[in-house]
Structure formats: structure tokens, C-alpha cells
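Q: Sharing my_file-v5.txt (compact mmCIF, C-alpha atoms) below.
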```txt
# COMPACT_ATOMS: atom_id res chain seq x y z
CA MET A 1 0.00 0.00 0.00
CA ARG A 2 1.51 3.34 -1.07
CA LEU A 3 1.13 6.76 0.45
CA SER A 4 0.90 9.51 -2.16
CA GLY A 5 1.55 13.20 -1.86
CA THR A 6 -2.09 13.72 -0.92
CA CYS A 7 -1.99 11.13 1.87
CA ALA A 8 -4.26 8.75 -0.07
CA LEU A 9 -4.72 5.17 1.04
CA ALA A 10 -7.03 2.46 -0.25
CA LEU A 11 -9.20 1.86 2.84
CA PRO A 12 -9.47 3.64 5.15
CA PHE A 13 -9.01 6.55 2.76
CA PHE A 14 -7.17 9.76 3.62
CA TRP A 15 -7.60 13.06 1.85
CA SER A 16 -6.69 16.74 2.02
CA GLN A 17 -3.78 18.33 3.77
CA HIS A 18 -5.37 17.33 7.09
CA CYS A 19 -5.39 13.63 6.13
CA ARG A 20 -8.90 12.87 7.34
CA MET A 21 -9.82 9.20 7.48
CA LEU A 22 -12.73 7.98 5.36
CA ALA A 23 -14.44 4.62 5.78
CA VAL A 24 -17.20 2.60 4.12
CA LYS A 25 -19.96 1.52 6.51
CA PRO A 26 -23.45 0.02 6.18
CA VAL A 27 -26.27 2.53 6.04
CA GLU A 28 -28.35 2.61 9.20
CA HIS A 29 -31.95 3.72 9.58
CA ALA A 30 -30.89 7.10 10.97
CA ASP A 31 -28.82 7.73 7.81
CA VAL A 32 -31.66 7.23 5.35
CA PRO A 33 -32.88 10.85 5.14
CA GLN A 34 -29.32 12.03 4.43
CA CYS A 35 -28.80 9.35 1.78
CA ILE A 36 -32.01 10.20 -0.05
CA ALA A 37 -31.28 13.93 0.19
CA ILE A 38 -27.91 13.33 -1.51
CA ARG A 39 -29.62 11.21 -4.16
CA VAL A 40 -32.24 13.88 -4.88
CA ASP A 41 -29.64 16.64 -5.01
CA ALA A 42 -27.54 14.66 -7.51
CA LEU A 43 -30.21 12.92 -9.60
CA GLY A 44 -33.58 14.52 -8.92
CA SER A 45 -36.15 11.74 -9.07
CA LEU A 46 -34.64 9.93 -12.07
CA VAL A 47 -31.06 9.50 -13.28
CA ILE A 48 -32.11 10.08 -16.90
CA GLY A 49 -32.90 13.76 -17.28
CA ARG A 50 -32.90 14.40 -13.52
CA PRO A 51 -36.49 15.70 -13.24
CA PRO A 52 -37.34 17.17 -9.83
CA PRO A 53 -38.93 14.95 -7.19
CA TYR A 54 -42.68 14.65 -7.42
CA PRO A 55 -44.91 14.90 -4.33
CA GLY A 56 -44.27 11.84 -2.17
CA TYR A 57 -41.08 10.78 -3.94
CA VAL A 58 -38.78 11.32 -0.96
CA GLU A 59 -41.10 9.38 1.35
CA GLU A 60 -41.30 6.49 -1.14
CA ALA A 61 -37.52 6.38 -1.60
CA GLU A 62 -36.88 6.45 2.14
CA ALA A 63 -39.46 3.72 2.76
CA ALA A 64 -37.80 1.47 0.18
CA VAL A 65 -34.42 1.77 1.90
CA HIS A 66 -35.91 1.18 5.34
CA ALA A 67 -37.60 -1.97 4.01
CA ASN A 68 -34.28 -3.29 2.67
CA LEU A 69 -32.56 -2.61 5.99
CA ASP A 70 -35.27 -4.47 7.87
CA ASP A 71 -35.07 -7.53 5.61
CA PRO A 72 -32.39 -9.99 6.80
CA ASP A 73 -32.59 -11.84 3.48
CA SER A 74 -32.23 -8.74 1.31
CA PHE A 75 -29.82 -8.98 -1.64
CA VAL A 76 -29.33 -5.19 -1.46
CA ARG A 77 -26.45 -3.55 0.38
CA HIS A 78 -26.87 0.14 1.17
CA LEU A 79 -23.48 1.68 1.95
CA LYS A 80 -22.18 5.06 3.04
CA VAL A 81 -18.81 6.79 3.29
CA VAL A 82 -18.11 8.81 6.41
CA ASP A 83 -15.22 10.75 7.84
CA LEU A 84 -14.41 8.92 11.08
CA ALA A 85 -13.81 12.31 12.70
CA ASP A 86 -17.47 13.17 11.99
CA PRO A 87 -19.28 9.84 11.45
CA GLY A 88 -22.75 11.36 11.62
CA GLU A 89 -22.40 13.01 8.21
CA VAL A 90 -22.89 10.88 5.08
CA MET A 91 -20.43 11.93 2.39
CA ALA A 92 -21.45 9.44 -0.31
CA TYR A 93 -24.07 6.74 -0.72
CA ALA A 94 -24.29 3.61 -2.88
CA LYS A 95 -26.58 0.67 -3.46
CA TRP A 96 -25.00 -2.61 -4.51
CA GLU A 97 -27.18 -5.63 -5.39
CA LEU A 98 -25.76 -9.15 -5.07
CA TYR A 99 -27.03 -11.90 -7.38
CA PRO A 100 -24.76 -14.92 -6.85
CA ASN A 101 -27.28 -17.13 -8.67
CA GLY A 102 -28.80 -14.51 -10.93
CA ARG A 103 -32.19 -12.94 -10.31
CA SER A 104 -35.09 -15.10 -9.22
CA LYS A 105 -37.70 -16.14 -11.77
CA GLU A 106 -40.21 -13.92 -10.01
CA SER A 107 -37.86 -10.93 -10.21
CA LEU A 108 -37.19 -11.49 -13.91
CA GLU A 109 -40.92 -11.67 -14.64
CA LYS A 110 -41.52 -8.46 -12.70
CA LEU A 111 -38.93 -6.66 -14.83
CA LYS A 112 -41.03 -7.48 -17.90
CA GLU A 113 -44.04 -5.59 -16.54
CA PRO A 114 -44.73 -2.17 -18.07
CA LEU A 115 -44.69 0.96 -15.94
CA SER A 116 -48.09 1.38 -14.33
CA ASP A 117 -50.41 4.24 -15.27
CA GLU A 118 -50.18 5.44 -11.68
CA ASP A 119 -46.39 5.70 -11.87
CA LYS A 120 -46.58 7.47 -15.23
CA SER A 121 -48.98 10.09 -13.87
CA VAL A 122 -46.93 11.31 -10.89
CA ASP A 123 -45.79 14.35 -12.89
CA GLN A 124 -45.48 15.74 -16.42
CA TYR A 125 -42.49 13.48 -17.17
CA GLY A 126 -44.47 10.27 -17.48
CA ALA A 127 -43.15 9.51 -20.98
CA LEU A 128 -39.56 9.89 -19.77
CA ARG A 129 -40.23 7.66 -16.77
CA GLU A 130 -41.69 5.05 -19.10
CA ALA A 131 -38.63 5.21 -21.39
CA ALA A 132 -36.28 4.94 -18.41
CA HIS A 133 -38.27 2.03 -16.98
CA GLU A 134 -37.99 0.14 -20.26
CA TYR A 135 -34.26 0.89 -20.51
CA PHE A 136 -33.32 -0.27 -17.03
CA CYS A 137 -35.70 -3.22 -16.84
CA THR A 138 -34.70 -4.60 -20.23
CA ARG A 139 -31.00 -4.47 -19.45
CA ASN A 140 -31.27 -5.62 -15.84
CA GLY A 141 -33.47 -8.46 -17.01
CA LYS A 142 -30.93 -9.60 -19.59
CA MET A 143 -28.03 -9.45 -17.12
CA GLY A 144 -30.23 -10.89 -14.39
CA LYS A 145 -30.22 -14.29 -16.07
CA HIS A 146 -26.58 -14.61 -15.00
CA PRO A 147 -24.80 -14.35 -11.64
CA HIS A 148 -23.46 -10.83 -11.11
CA LEU A 149 -23.01 -7.85 -8.82
CA LEU A 150 -24.98 -4.73 -9.74
CA LEU A 151 -24.00 -1.21 -8.76
CA ALA A 152 -27.49 0.25 -8.88
CA LEU A 153 -26.73 3.69 -7.45
CA LEU A 154 -23.75 5.86 -6.49
CA VAL A 155 -24.03 9.50 -5.42
CA THR A 156 -21.71 11.86 -3.56
CA ALA A 157 -22.71 14.95 -1.60
CA LYS A 158 -21.84 18.08 -3.55
CA GLU A 159 -19.52 19.42 -0.87
CA HIS A 160 -17.58 16.13 -0.70
CA ARG A 161 -16.92 15.43 -4.37
CA ARG A 162 -13.39 14.76 -5.59
CA LYS A 163 -12.28 13.49 -2.19
CA GLY A 164 -12.29 9.77 -3.03
CA ALA A 165 -15.58 8.87 -1.35
CA GLY A 166 -17.22 7.56 -4.52
CA GLY A 167 -14.16 5.49 -5.37
CA LEU A 168 -14.32 3.76 -2.00
CA LEU A 169 -17.88 2.65 -2.71
CA VAL A 170 -16.82 1.26 -6.08
CA GLN A 171 -13.90 -0.52 -4.42
CA TRP A 172 -16.30 -2.20 -1.97
CA GLY A 173 -17.90 -3.96 -4.92
CA LEU A 174 -14.55 -4.90 -6.41
CA ASP A 175 -13.52 -6.47 -3.11
CA LYS A 176 -16.78 -8.43 -3.16
CA GLN A 177 -15.95 -9.46 -6.71
CA LYS A 178 -12.65 -10.92 -5.51
CA GLU A 179 -14.57 -12.98 -2.95
CA THR A 180 -17.23 -14.24 -5.34
CA GLY A 181 -15.64 -14.27 -8.79
CA LEU A 182 -18.75 -12.57 -10.21
CA ASN A 183 -18.94 -9.96 -12.94
CA CYS A 184 -19.69 -6.40 -11.81
CA TYR A 185 -22.30 -4.58 -13.89
CA LEU A 186 -23.82 -1.10 -13.99
CA GLN A 187 -25.44 1.54 -16.17
CA ALA A 188 -23.44 4.77 -16.11
CA SER A 189 -24.24 8.35 -16.91
CA GLU A 190 -21.55 10.32 -18.68
CA GLN A 191 -20.65 11.87 -15.33
CA GLY A 192 -19.83 8.50 -13.77
CA ARG A 193 -18.39 6.75 -16.81
CA ARG A 194 -14.82 8.06 -16.33
CA LEU A 195 -14.72 6.91 -12.70
CA TYR A 196 -15.87 3.40 -13.58
CA ARG A 197 -13.36 3.08 -16.41
CA HIS A 198 -10.62 3.92 -13.93
CA TYR A 199 -11.69 0.89 -11.90
CA GLY A 200 -11.58 -1.50 -14.84
CA PHE A 201 -15.15 -1.34 -16.17
CA GLN A 202 -15.58 -1.70 -19.92
CA ASP A 203 -18.26 -0.17 -22.14
CA MET A 204 -20.88 -2.55 -23.47
CA ASP A 205 -23.45 -0.32 -25.16
CA THR A 206 -24.47 3.36 -25.11
CA VAL A 207 -27.99 4.71 -25.60
CA GLU A 208 -28.84 8.37 -26.14
CA PHE A 209 -32.03 9.94 -24.81
CA ASP A 210 -33.15 13.15 -26.53
CA LEU A 211 -34.54 14.96 -23.50
CA GLY A 212 -36.26 17.52 -25.73
CA LYS A 213 -38.86 14.87 -26.50
CA TYR A 214 -39.78 14.75 -22.82
CA GLY A 215 -40.01 18.42 -21.93
CA LEU A 216 -36.39 18.84 -20.83
CA GLU A 217 -33.22 20.00 -22.56
CA GLY A 218 -30.12 18.27 -23.87
CA VAL A 219 -29.13 14.67 -24.47
CA GLU A 220 -28.58 12.03 -21.80
CA ARG A 221 -26.18 9.18 -22.58
CA MET A 222 -26.39 5.98 -20.58
CA THR A 223 -23.71 3.32 -20.97
CA GLU A 224 -23.86 -0.28 -19.86
CA MET A 225 -20.54 -1.25 -18.32
CA ILE A 226 -19.10 -4.51 -17.06
CA ARG A 227 -16.01 -5.49 -15.11
CA TYR A 228 -14.74 -9.04 -15.35
CA PRO A 229 -13.03 -10.73 -12.40
CA THR A 230 -9.77 -11.07 -14.33
CA VAL A 231 -9.35 -7.27 -14.54
CA SER A 232 -7.21 -5.78 -11.77
CA GLY A 233 -8.76 -3.31 -9.38
CA ARG A 234 -7.66 0.22 -8.64
CA LYS A 235 -4.60 1.36 -10.46
CA ASP A 236 -1.56 1.33 -8.22
CA ARG A 237 -0.41 4.80 -7.36
```
Go ahead and render the structure in this file as C-alpha cells.
A:
Amino acid sequence: MRLSGTCALALPFFWSQHCRMLAVKPVEHADVPQCIAIRVDALGSLVIGRPPPYPGYVEEAEAAVHANLDDPDSFVRHLKVVDLADPGEVMAYAKWELYPNGRSKESLEKLKEPLSDEDKSVDQYGALREAAHEYFCTRNGKMGKHPHLLLALLVTAKEHRRKGAGGLLVQWGLDKQKETGLNCYLQASEQGRRLYRHYGFQDMDTVEFDLGKYGLEGVERMTEMIRYPTVSGRKDR
């Protein structure tokens, strides 16, 4: 393990001239509001286009995390990065999903279901939500037939970006990959694509969404990425 000029270590992770220690820890119930607030600030209510949260979105998102935390058989791992000098503040948040045997038949069938009319009518971006639902469900369903690890979400608080917190959450999955020998898979925005490439992920396919068709501006590019167990982890520094 090497110590660079910025006092950076793999885990725990040090950053800045004060060499603060960062650590990955499981999300606890008390952390959930912070985690969802970071998610909303970074992604709105949808990673594609980032539309603002609709009424009730925050409550729904928090309830889903609480349900995962209460389920001892959950395949979802909610993780946070904290500075051990101030462990009450969540710096970054991720959701990894572990499928050592692939998704269940029931889960695969559910991914084939169209977005409900109720979910499409939560705001004026129903058509975008439908397009995003089809994109994610189709690709997760295809990969879900095989054993894999899925990085479903990774967000960093605005004031803590470029401090290595997001990289630690990626590295958690790579360490799990070493244990299991499973492929790591994700769908990346252009913002996250560079980070994932640094950790050995390879592009599979890129899809462009013309946001003008959905009442927003610009183009959103989403790229499927995969990391095979034979690829080395973080680049040695």
C-alpha cells in the first residue's frame, strides 16, 4: 500500500492536507434521510434527465431503503462513506445488489411488466419515466439471467466530491468481486463513466435519450458497463 503526496490510502481513505480518514460503513436507519437527500440533489427523481422529485417521492424512496434494511434476506447492500472524525455526516451513498445465482424467476418476470399508469402520472415526465423504466428493466433483465453484482446507485454529496468517497464505494464492490468471482455490472451516466473506467469497467453499449422529447433539454447518454473478475482493481499509485 503506497502513500501519495495527498496522503491517499485504499481503505481507510485519507484526503486533504489534514489527512482525514474515510471509511465505508453500512447505512443505518438514521442515515436514510441524508442518503435520499444526496440522491435527490444529484439525480432529482430519475437519473435520466434528472427531473425534480414529485410529491411523495422522498417518502417512497426512504421507505424502500428502510424496508431493505429491515429484511435480513435482502440482496441489497446500502453503503455510506463517512469521515471517522465526523461519522454522523454521510459523504457518499451507494446501493450494490448481489445476485450470486442470478435474479429469481419472479424478479425477472416483474422486470417485464410495463410501468403502471399510476407511476406514469406522478408528474409531467411520465413519458420519460416510461422510457427509463424500459431501458433499465430490459438491461437488468438480460443481465439478471446470470450471476453478477450490480451497482445500482452511487451518489456523492456536492460538498464532498473529488475526495475519493465515490471510489471507496466502487472498491467495496470490487472487493466483493474478488470474494465471489462474479462480474460487476452497472449503467453509467456520462458523469460517472470516467470513474468506472478507472476501476476497470468496460463499455458494453451506449444509448442516447433526446430529453427535448420529454419536456427537458439536452441529451442524456447511458452506458452499460461490465467489469470481469480477471481485470485488476484500482490502479496502483
Q: Need to verify the contact set: Val58 in chain A, 10 Å, all atoms listed in the file, exclusion of same-chain residues closer than 2 positions in sequence. Can you return it as a count of residues only?
A: 15
Q: Excluding same-chain residues fewer than 6 positions from Tyr99 in chain A, what lies within 9 Å of it counting only C-alpha atoms, as a ChimeraX atom specification?
A: /A:75,144,146-150,182
Q: Suppose we keep C-alpha atoms; can you now write the selection as a PDB file, keeping the file's coordinate frame?
A:
```
ATOM      1  CA  PHE A  75     -29.820  -8.980  -1.640  1.00  0.00           C
ATOM      2  CA  GLY A 144     -30.230 -10.890 -14.390  1.00  0.00           C
ATOM      3  CA  HIS A 146     -26.580 -14.610 -15.000  1.00  0.00           C
ATOM      4  CA  PRO A 147     -24.800 -14.350 -11.640  1.00  0.00           C
ATOM      5  CA  HIS A 148     -23.460 -10.830 -11.110  1.00  0.00           C
ATOM      6  CA  LEU A 149     -23.010  -7.850  -8.820  1.00  0.00           C
ATOM      7  CA  LEU A 150     -24.980  -4.730  -9.740  1.00  0.00           C
ATOM      8  CA  LEU A 182     -18.750 -12.570 -10.210  1.00  0.00           C
TER       9      LEU A 182
END
```
Q: So which one's closest to Glu217 in chain A, A:Arg103, A:Arg129, A:Arg50, A:Lys112? Using all atoms listed in the file, please.
A: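 Of all the options, A:Arg50 lies closest to Glu217 in chain A.
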Q: Between CA of His66 in chain A and CA of Trp96 in chain A, what is the distance, to one decimal in Å?
A: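 Between CA of His66 in chain A and CA of Trp96 in chain A the gap works out to 15.2 Å.
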Q: Tell me which of A:Gln34, A:Gly164, A:Tyr196, A:His133 sits closest to Asp119 in chain A, counting all atoms listed in the file.
A: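 Looking at the shortest contact to Asp119 in chain A, the residue is A:His133.
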Q: Mind pulling up the distance from CA of Gln202 in chain A to CA of Arg227 in chain A?
A: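 It comes out at 6.1 Å.
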Q: For each of A:Tyr185, A:Leu115, A:Ser121, A:Ala165, take the minimum atom-to-atom distance to Lys25 in chain A, counting all atoms listed in the file, then give the residue where this is smallest.
A: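 Using all atoms listed in the file, the shortest distance to Lys25 in chain A belongs to A:Ala165.
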Q: Excluding Val82 in chain A and any residue of its chain fewer than 4 positions from it, enumerate the residues within 9 Å of it, using all atoms listed in the file, and give them as a list in words.
A: Met21, Leu22, Ala23, Val24, Lys25, Asp86, Pro87, Gly88, Glu89, Val90, Met91, Ala92 and Ala165 of chain A
Q: Might you pull out every residue within 12 Å of Phe136 in chain A, with all atoms listed in the file counted and same-chain residues fewer than 5 positions away left off, and present them as a PyMOL selection string?
A: chain A and resi 46-48+111-115+129-131+141-144+150+152+186-188+207+222-224
Q: For CA of Thr180 in chain A and CA of Ser74 in chain A, quote the distance in Å rounded to one decimal.
A: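 Taking CA of Thr180 in chain A and CA of Ser74 in chain A, their separation equals 17.3 Å.
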Q: So that I can see what lies close to Glu208 in chain A, please list as number ranges by chain the residues with an atom at most 7 Å from it, counting only C-alpha atoms and leaving out residues fewer than 5 positions away in the same chain.
A: A: 219-222
Q: Which of these, A:Thr138, A:Gln124, A:Ala132, A:Gly173, has the shortest distance to His78 in chain A once you count all atoms listed in the file?
A: A:Gly173
Q: Using the atoms already present, construct N, CA, C and O atoms for range 173-188 of chain A and hand them back as a PDB file, in the frame of the given file.
A:
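Writing done, so here's selection12.pdb:
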```pdb
ATOM      1  N   GLY A 173     -17.382  -2.951  -3.997  1.00  0.00           N
ATOM      2  CA  GLY A 173     -17.900  -3.960  -4.920  1.00  0.00           C
ATOM      3  C   GLY A 173     -16.793  -4.783  -5.544  1.00  0.00           C
ATOM      4  O   GLY A 173     -16.955  -5.991  -5.757  1.00  0.00           O
ATOM      5  N   LEU A 174     -15.661  -4.162  -5.824  1.00  0.00           N
ATOM      6  CA  LEU A 174     -14.550  -4.900  -6.410  1.00  0.00           C
ATOM      7  C   LEU A 174     -13.969  -5.901  -5.412  1.00  0.00           C
ATOM      8  O   LEU A 174     -13.550  -6.999  -5.792  1.00  0.00           O
ATOM      9  N   ASP A 175     -13.961  -5.520  -4.138  1.00  0.00           N
ATOM     10  CA  ASP A 175     -13.520  -6.470  -3.110  1.00  0.00           C
ATOM     11  C   ASP A 175     -14.487  -7.648  -3.022  1.00  0.00           C
ATOM     12  O   ASP A 175     -14.076  -8.798  -2.851  1.00  0.00           O
ATOM     13  N   LYS A 176     -15.773  -7.357  -3.164  1.00  0.00           N
ATOM     14  CA  LYS A 176     -16.780  -8.430  -3.160  1.00  0.00           C
ATOM     15  C   LYS A 176     -16.601  -9.299  -4.404  1.00  0.00           C
ATOM     16  O   LYS A 176     -16.810 -10.520  -4.348  1.00  0.00           O
ATOM     17  N   GLN A 177     -16.195  -8.691  -5.496  1.00  0.00           N
ATOM     18  CA  GLN A 177     -15.950  -9.460  -6.710  1.00  0.00           C
ATOM     19  C   GLN A 177     -14.810 -10.452  -6.507  1.00  0.00           C
ATOM     20  O   GLN A 177     -14.869 -11.591  -6.980  1.00  0.00           O
ATOM     21  N   LYS A 178     -13.768 -10.018  -5.800  1.00  0.00           N
ATOM     22  CA  LYS A 178     -12.650 -10.920  -5.510  1.00  0.00           C
ATOM     23  C   LYS A 178     -13.112 -12.121  -4.698  1.00  0.00           C
ATOM     24  O   LYS A 178     -12.625 -13.233  -4.872  1.00  0.00           O
ATOM     25  N   GLU A 179     -14.054 -11.897  -3.784  1.00  0.00           N
ATOM     26  CA  GLU A 179     -14.570 -12.980  -2.950  1.00  0.00           C
ATOM     27  C   GLU A 179     -15.431 -13.951  -3.734  1.00  0.00           C
ATOM     28  O   GLU A 179     -15.401 -15.160  -3.488  1.00  0.00           O
ATOM     29  N   THR A 180     -16.213 -13.427  -4.672  1.00  0.00           N
ATOM     30  CA  THR A 180     -17.230 -14.240  -5.340  1.00  0.00           C
ATOM     31  C   THR A 180     -16.863 -14.689  -6.744  1.00  0.00           C
ATOM     32  O   THR A 180     -17.421 -15.675  -7.250  1.00  0.00           O
ATOM     33  N   GLY A 181     -15.960 -13.950  -7.408  1.00  0.00           N
ATOM     34  CA  GLY A 181     -15.640 -14.270  -8.790  1.00  0.00           C
ATOM     35  C   GLY A 181     -16.710 -13.859  -9.773  1.00  0.00           C
ATOM     36  O   GLY A 181     -16.709 -14.299 -10.929  1.00  0.00           O
ATOM     37  N   LEU A 182     -17.639 -12.980  -9.363  1.00  0.00           N
ATOM     38  CA  LEU A 182     -18.750 -12.570 -10.210  1.00  0.00           C
ATOM     39  C   LEU A 182     -18.400 -11.332 -11.030  1.00  0.00           C
ATOM     40  O   LEU A 182     -17.572 -10.510 -10.630  1.00  0.00           O
ATOM     41  N   ASN A 183     -19.060 -11.184 -12.175  1.00  0.00           N
ATOM     42  CA  ASN A 183     -18.940  -9.960 -12.940  1.00  0.00           C
ATOM     43  C   ASN A 183     -19.615  -8.815 -12.194  1.00  0.00           C
ATOM     44  O   ASN A 183     -20.630  -9.009 -11.525  1.00  0.00           O
ATOM     45  N   CYS A 184     -19.054  -7.617 -12.317  1.00  0.00           N
ATOM     46  CA  CYS A 184     -19.690  -6.400 -11.810  1.00  0.00           C
ATOM     47  C   CYS A 184     -20.323  -5.675 -12.991  1.00  0.00           C
ATOM     48  O   CYS A 184     -19.697  -5.528 -14.040  1.00  0.00           O
ATOM     49  N   TYR A 185     -21.543  -5.184 -12.797  1.00  0.00           N
ATOM     50  CA  TYR A 185     -22.300  -4.580 -13.890  1.00  0.00           C
ATOM     51  C   TYR A 185     -22.962  -3.299 -13.413  1.00  0.00           C
ATOM     52  O   TYR A 185     -23.316  -3.170 -12.227  1.00  0.00           O
ATOM     53  N   LEU A 186     -23.134  -2.346 -14.333  1.00  0.00           N
ATOM     54  CA  LEU A 186     -23.820  -1.100 -13.990  1.00  0.00           C
ATOM     55  C   LEU A 186     -24.252  -0.389 -15.266  1.00  0.00           C
ATOM     56  O   LEU A 186     -23.835  -0.750 -16.371  1.00  0.00           O
ATOM     57  N   GLN A 187     -25.102   0.615 -15.093  1.00  0.00           N
ATOM     58  CA  GLN A 187     -25.440   1.540 -16.170  1.00  0.00           C
ATOM     59  C   GLN A 187     -24.966   2.913 -15.735  1.00  0.00           C
ATOM     60  O   GLN A 187     -25.373   3.410 -14.679  1.00  0.00           O
ATOM     61  N   ALA A 188     -24.094   3.529 -16.516  1.00  0.00           N
ATOM     62  CA  ALA A 188     -23.440   4.770 -16.110  1.00  0.00           C
ATOM     63  C   ALA A 188     -23.914   5.967 -16.917  1.00  0.00           C
ATOM     64  O   ALA A 188     -24.107   5.881 -18.124  1.00  0.00           O
TER      65      ALA A 188
END
```
